[in-house]
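Read through the structure below, which is laid out as structure tokens, and then see the notes.
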Amino acid sequence: MSGVTIPTADLWHHYGRTRHATDRIVPDRFFWSWGQDSGPGAETLGDITGRRVGDLGAGAARHAAHLAVHHRPARIVAVDSSPAQHAMAEDLYGHGHLASRLRLVHSDVTRHLHATAGTYDVLYSVFGAVDFTEPRTLLPAAATALRPGGRLVFSTLAHHLGGEPAHAGVQHTEIGAKTPEGGAATMRRWVLQEQVWTKLLDEAGFTRIGPETLPGGAGPRAAGTLLVTAFRTGRQA
């Protein structure tokens, strides 16, 4: 039947719900690592005091809330396409003293970036939209949204969970997910080798690309982290 739009199931509906019920404080630390327990922190973003910052695929916006409270950006915009994740972020941080610095946006991330061309000083993703969006679409959009010299930082898997190597080409992996009703589904995740990310960033208009591998812990769900910093071409502000 023409003209009818079938809504896409929110495959992030169940993610983080247990923590949401028990942990409602603003985190006092910021981690890039998969285990969220070690490695560099917010200093990788540079000095964001008075800067406009975007969190791409922010989930419940815990990282964004930390930055808003502890690092005094002019504004941090936490963007997520999941209705459930956005609702959790609103419940946790969409009120009170955070409202002046933290804006929560429910939107497709790529669409948001195109609509905000040249407005961000810093963009980042902690296992967020960079992992789950076609990089040949997302990275050019991120370059568009950054001011000349603006910084992009993201953490992503250095290899697949379980140890399988990252892909040597621009290839996604199908991973398991659940519909809101609990049915089995899959979503796409891009787990790429360091040189693949570097090439994609270069093609998208970034320079001074600096990848760093952070070691993972032990266990079947442990994973190393690839932490990547890059700058939009042009003079830095």
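Just so we're on the same page: first chain in the structure tokens is A, next is B, and so on; residues restart at 1 for each chain, and ligands are numbered from 1 in the order they show up.
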What residues in region 44-207 of chain A get the DSSP label helix (DSSP H, G or I)? Please answer as JSON, numbers by chain. {"A": [44, 45, 62, 63, 64, 65, 66, 67, 68, 69, 70, 83, 84, 85, 86, 87, 88, 89, 90, 91, 92, 93, 96, 97, 98, 99, 100, 109, 110, 111, 112, 113, 114, 115, 129, 130, 131, 132, 135, 136, 137, 138, 139, 140, 141, 142, 143, 144, 145, 194, 195, 196, 197, 198, 199, 200, 201, 202, 203, 204]}
Sort by chain and increasing residue number a table of all residues of region 104-211 of chain A within 7 Å of region 50-67 of chain A, each with its closest pair of atoms and their distance in Å to one decimal, counting only C-alpha atoms, and write it as a tab-separated table.
residue	atom	partner	partner_atom	distance
A:Val109	CA	A:Leu56	CA	6.4
A:Tyr120	CA	A:Arg52	CA	5.2
A:Asp121	CA	A:Arg52	CA	5.4
A:Val122	CA	A:Val53	CA	4.8
A:Leu123	CA	A:Gly54	CA	4.7
A:Tyr124	CA	A:Asp55	CA	5.2
A:Ser125	CA	A:Leu56	CA	5.1
A:Gly128	CA	A:Gly57	CA	4.4
A:Ala129	CA	A:Gly57	CA	4.4
Take the residues just selected and output them with N, CA and C atoms as a PDB file, in the first residue's frame.
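Ended up saving to out.pdb:
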ATOM      1  N   VAL A 109      21.361  10.623  13.621  1.00  0.00           N
ATOM      2  CA  VAL A 109      22.577  11.405  13.838  1.00  0.00           C
ATOM      3  C   VAL A 109      23.062  12.063  12.550  1.00  0.00           C
ATOM      4  N   TYR A 120      29.779  22.922  15.304  1.00  0.00           N
ATOM      5  CA  TYR A 120      30.408  22.227  16.433  1.00  0.00           C
ATOM      6  C   TYR A 120      31.918  22.452  16.467  1.00  0.00           C
ATOM      7  N   ASP A 121      32.440  22.582  17.685  1.00  0.00           N
ATOM      8  CA  ASP A 121      33.886  22.617  17.896  1.00  0.00           C
ATOM      9  C   ASP A 121      34.441  21.212  18.102  1.00  0.00           C
ATOM     10  N   VAL A 122      33.663  20.359  18.749  1.00  0.00           N
ATOM     11  CA  VAL A 122      34.094  18.992  19.075  1.00  0.00           C
ATOM     12  C   VAL A 122      32.909  18.050  18.897  1.00  0.00           C
ATOM     13  N   LEU A 123      33.157  16.912  18.266  1.00  0.00           N
ATOM     14  CA  LEU A 123      32.196  15.825  18.179  1.00  0.00           C
ATOM     15  C   LEU A 123      32.852  14.557  18.727  1.00  0.00           C
ATOM     16  N   TYR A 124      32.077  13.717  19.406  1.00  0.00           N
ATOM     17  CA  TYR A 124      32.647  12.472  19.908  1.00  0.00           C
ATOM     18  C   TYR A 124      31.598  11.368  19.916  1.00  0.00           C
ATOM     19  N   SER A 125      32.086  10.132  19.989  1.00  0.00           N
ATOM     20  CA  SER A 125      31.230   8.951  20.026  1.00  0.00           C
ATOM     21  C   SER A 125      31.937   7.893  20.856  1.00  0.00           C
ATOM     22  N   GLY A 128      29.280   4.591  20.008  1.00  0.00           N
ATOM     23  CA  GLY A 128      27.963   5.113  19.671  1.00  0.00           C
ATOM     24  C   GLY A 128      27.681   5.071  18.185  1.00  0.00           C
ATOM     25  N   ALA A 129      27.275   6.217  17.638  1.00  0.00           N
ATOM     26  CA  ALA A 129      26.830   6.268  16.244  1.00  0.00           C
ATOM     27  C   ALA A 129      27.922   5.888  15.259  1.00  0.00           C
TER      28      ALA A 129
END
Counting only C-alpha atoms, which residues of region 20-122 of chain A fall within 12 Å of region 175-181 of chain A, and what is the closest atom pair for each with its distance in Å at one decimal, ordered by chain and rising number, as a tab-separated table?
residue	atom	partner	partner_atom	distance
A:Ser82	CA	A:Pro180	CA	11.3
A:Pro83	CA	A:Pro180	CA	10.9
A:Ala84	CA	A:Pro180	CA	9.3
Taking the DSSP secondary structure from the backbone, can you list the residues of region 15-224 of chain A that are strand (DSSP E or B), as a ChimeraX atom specification? /A:52-56,75-80,102-106,120-126,146-157,159,165,167,172-178,184-190,192,206-214
Report the distance between CA of Asp37 (chain A) and CA of Asp23 (chain A) in Å, rounded to one decimal place. 16.3 Å
Which residues, written as a PDB file with C-alpha atoms, in the first residue's frame, have at least one atom at most 7 Å from Ala141 (chain A), with only C-alpha atoms counted and residues fewer than 6 positions away on the same chain left out?
ATOM      1  CA  THR A 110      23.546  11.895  10.193  1.00  0.00           C
ATOM      2  CA  LEU A 113      24.856  16.694  11.480  1.00  0.00           C
ATOM      3  CA  HIS A 114      23.767  17.881   8.046  1.00  0.00           C
TER       4      HIS A 114
END
Contact residues around Leu104 (chain A) with only C-alpha atoms at 10 Å, ignoring same-chain residues under 4 positions, as a list in words: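 Near Leu104 (chain A), the qualifying residues are Asp55, Ala58, Ala60, Ala61, Ala64, Ile76, Val77, Ala78, Val79, Asp80, His86, Ala87, Ala89, Glu90, Tyr93, Gly94 and Ala99 of chain A.
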Any chance you could export the current selection's N, CA and C atoms as a PDB file, in the first residue's frame?
ATOM      1  N   ASP A  55      27.596  14.811  21.207  1.00  0.00           N
ATOM      2  CA  ASP A  55      27.736  13.384  21.520  1.00  0.00           C
ATOM      3  C   ASP A  55      26.893  12.614  20.513  1.00  0.00           C
ATOM      4  N   ALA A  58      24.308   9.118  21.829  1.00  0.00           N
ATOM      5  CA  ALA A  58      24.575   9.394  23.242  1.00  0.00           C
ATOM      6  C   ALA A  58      23.939   8.403  24.195  1.00  0.00           C
ATOM      7  N   ALA A  60      21.807   7.043  26.975  1.00  0.00           N
ATOM      8  CA  ALA A  60      21.190   7.718  28.115  1.00  0.00           C
ATOM      9  C   ALA A  60      21.918   8.999  28.512  1.00  0.00           C
ATOM     10  N   ALA A  61      22.911   9.399  27.729  1.00  0.00           N
ATOM     11  CA  ALA A  61      23.600  10.695  27.865  1.00  0.00           C
ATOM     12  C   ALA A  61      24.452  10.811  29.126  1.00  0.00           C
ATOM     13  N   ALA A  64      27.688  12.696  28.259  1.00  0.00           N
ATOM     14  CA  ALA A  64      27.370  14.106  28.023  1.00  0.00           C
ATOM     15  C   ALA A  64      27.085  14.834  29.328  1.00  0.00           C
ATOM     16  N   ILE A  76      26.464  21.240  25.265  1.00  0.00           N
ATOM     17  CA  ILE A  76      26.705  19.907  24.754  1.00  0.00           C
ATOM     18  C   ILE A  76      25.368  19.348  24.285  1.00  0.00           C
ATOM     19  N   VAL A  77      25.369  18.837  23.071  1.00  0.00           N
ATOM     20  CA  VAL A  77      24.158  18.315  22.450  1.00  0.00           C
ATOM     21  C   VAL A  77      24.301  16.798  22.361  1.00  0.00           C
ATOM     22  N   ALA A  78      23.421  16.079  23.046  1.00  0.00           N
ATOM     23  CA  ALA A  78      23.455  14.618  23.086  1.00  0.00           C
ATOM     24  C   ALA A  78      22.396  14.087  22.124  1.00  0.00           C
ATOM     25  N   VAL A  79      22.842  13.459  21.026  1.00  0.00           N
ATOM     26  CA  VAL A  79      21.947  13.051  19.945  1.00  0.00           C
ATOM     27  C   VAL A  79      21.815  11.534  19.922  1.00  0.00           C
ATOM     28  N   ASP A  80      20.580  11.048  19.837  1.00  0.00           N
ATOM     29  CA  ASP A  80      20.359   9.611  19.695  1.00  0.00           C
ATOM     30  C   ASP A  80      19.067   9.375  18.931  1.00  0.00           C
ATOM     31  N   HIS A  86      16.527   8.025  24.226  1.00  0.00           N
ATOM     32  CA  HIS A  86      16.242   9.451  24.418  1.00  0.00           C
ATOM     33  C   HIS A  86      15.333   9.666  25.627  1.00  0.00           C
ATOM     34  N   ALA A  87      14.335   8.802  25.791  1.00  0.00           N
ATOM     35  CA  ALA A  87      13.429   8.938  26.937  1.00  0.00           C
ATOM     36  C   ALA A  87      14.170   8.736  28.250  1.00  0.00           C
ATOM     37  N   ALA A  89      17.361   9.356  28.752  1.00  0.00           N
ATOM     38  CA  ALA A  89      18.188  10.550  28.940  1.00  0.00           C
ATOM     39  C   ALA A  89      17.361  11.710  29.475  1.00  0.00           C
ATOM     40  N   GLU A  90      16.163  11.893  28.932  1.00  0.00           N
ATOM     41  CA  GLU A  90      15.283  12.963  29.412  1.00  0.00           C
ATOM     42  C   GLU A  90      14.930  12.749  30.883  1.00  0.00           C
ATOM     43  N   TYR A  93      18.397  13.399  32.926  1.00  0.00           N
ATOM     44  CA  TYR A  93      19.144  14.661  32.869  1.00  0.00           C
ATOM     45  C   TYR A  93      18.416  15.803  32.155  1.00  0.00           C
ATOM     46  N   GLY A  94      17.149  15.605  31.788  1.00  0.00           N
ATOM     47  CA  GLY A  94      16.467  16.627  31.008  1.00  0.00           C
ATOM     48  C   GLY A  94      15.780  17.691  31.836  1.00  0.00           C
ATOM     49  N   ALA A  99      19.991  21.720  32.410  1.00  0.00           N
ATOM     50  CA  ALA A  99      19.269  22.146  31.210  1.00  0.00           C
ATOM     51  C   ALA A  99      19.959  23.290  30.475  1.00  0.00           C
TER      52      ALA A  99
END
Please provide the set of residues having any atom within 6 Å of region 158-171 of chain A, restricted to only C-alpha atoms, with same-chain residues fewer than 3 positions apart removed, written as a PyMOL selection string. chain A and resi 191-193+220-221+223-226
Can you tell me which residues surround Phe154 (chain A) at a distance of at most 7 Å, considering only C-alpha atoms, apart from same-chain residues fewer than 2 positions away, and format the answer as a PyMOL selection string? chain A and resi 124-126+152+156+227-229
Go ahead and write the selection's residues with N, CA and C atoms as a PDB file, in the first residue's frame.
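Result file is again-v9.pdb:
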ATOM      1  N   TYR A 124      32.077  13.717  19.406  1.00  0.00           N
ATOM      2  CA  TYR A 124      32.647  12.472  19.908  1.00  0.00           C
ATOM      3  C   TYR A 124      31.598  11.368  19.916  1.00  0.00           C
ATOM      4  N   SER A 125      32.086  10.132  19.989  1.00  0.00           N
ATOM      5  CA  SER A 125      31.230   8.951  20.026  1.00  0.00           C
ATOM      6  C   SER A 125      31.937   7.893  20.856  1.00  0.00           C
ATOM      7  N   VAL A 126      31.275   7.431  21.915  1.00  0.00           N
ATOM      8  CA  VAL A 126      31.815   6.364  22.763  1.00  0.00           C
ATOM      9  C   VAL A 126      31.034   5.095  22.443  1.00  0.00           C
ATOM     10  N   LEU A 152      37.182  15.550  16.060  1.00  0.00           N
ATOM     11  CA  LEU A 152      36.336  14.362  16.185  1.00  0.00           C
ATOM     12  C   LEU A 152      37.115  13.312  16.960  1.00  0.00           C
ATOM     13  N   THR A 156      35.898   2.774  19.418  1.00  0.00           N
ATOM     14  CA  THR A 156      35.217   1.702  18.731  1.00  0.00           C
ATOM     15  C   THR A 156      35.948   0.399  19.046  1.00  0.00           C
ATOM     16  N   LEU A 227      40.857   3.950  19.900  1.00  0.00           N
ATOM     17  CA  LEU A 227      40.519   5.344  20.190  1.00  0.00           C
ATOM     18  C   LEU A 227      41.133   6.211  19.100  1.00  0.00           C
ATOM     19  N   VAL A 228      40.298   6.958  18.400  1.00  0.00           N
ATOM     20  CA  VAL A 228      40.743   7.709  17.228  1.00  0.00           C
ATOM     21  C   VAL A 228      40.431   9.187  17.406  1.00  0.00           C
ATOM     22  N   THR A 229      41.429  10.024  17.143  1.00  0.00           N
ATOM     23  CA  THR A 229      41.262  11.475  17.142  1.00  0.00           C
ATOM     24  C   THR A 229      41.590  11.997  15.750  1.00  0.00           C
TER      25      THR A 229
END
What is the CA of Thr186 (chain A) to CA of Glu134 (chain A) distance in Å? 15.3 Å
Counting only C-alpha atoms, what is within 9 Å of Arg24 (chain A), bar same-chain residues fewer than 4 positions away, as a PyMOL selection string? chain A and resi 19-20+92-93
What is the distance, in Å and to one decimal place, between CA of Thr116 (chain A) and CA of Asp131 (chain A)?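 Calculated distance between CA of Thr116 (chain A) and CA of Asp131 (chain A) is 20.9 Å.
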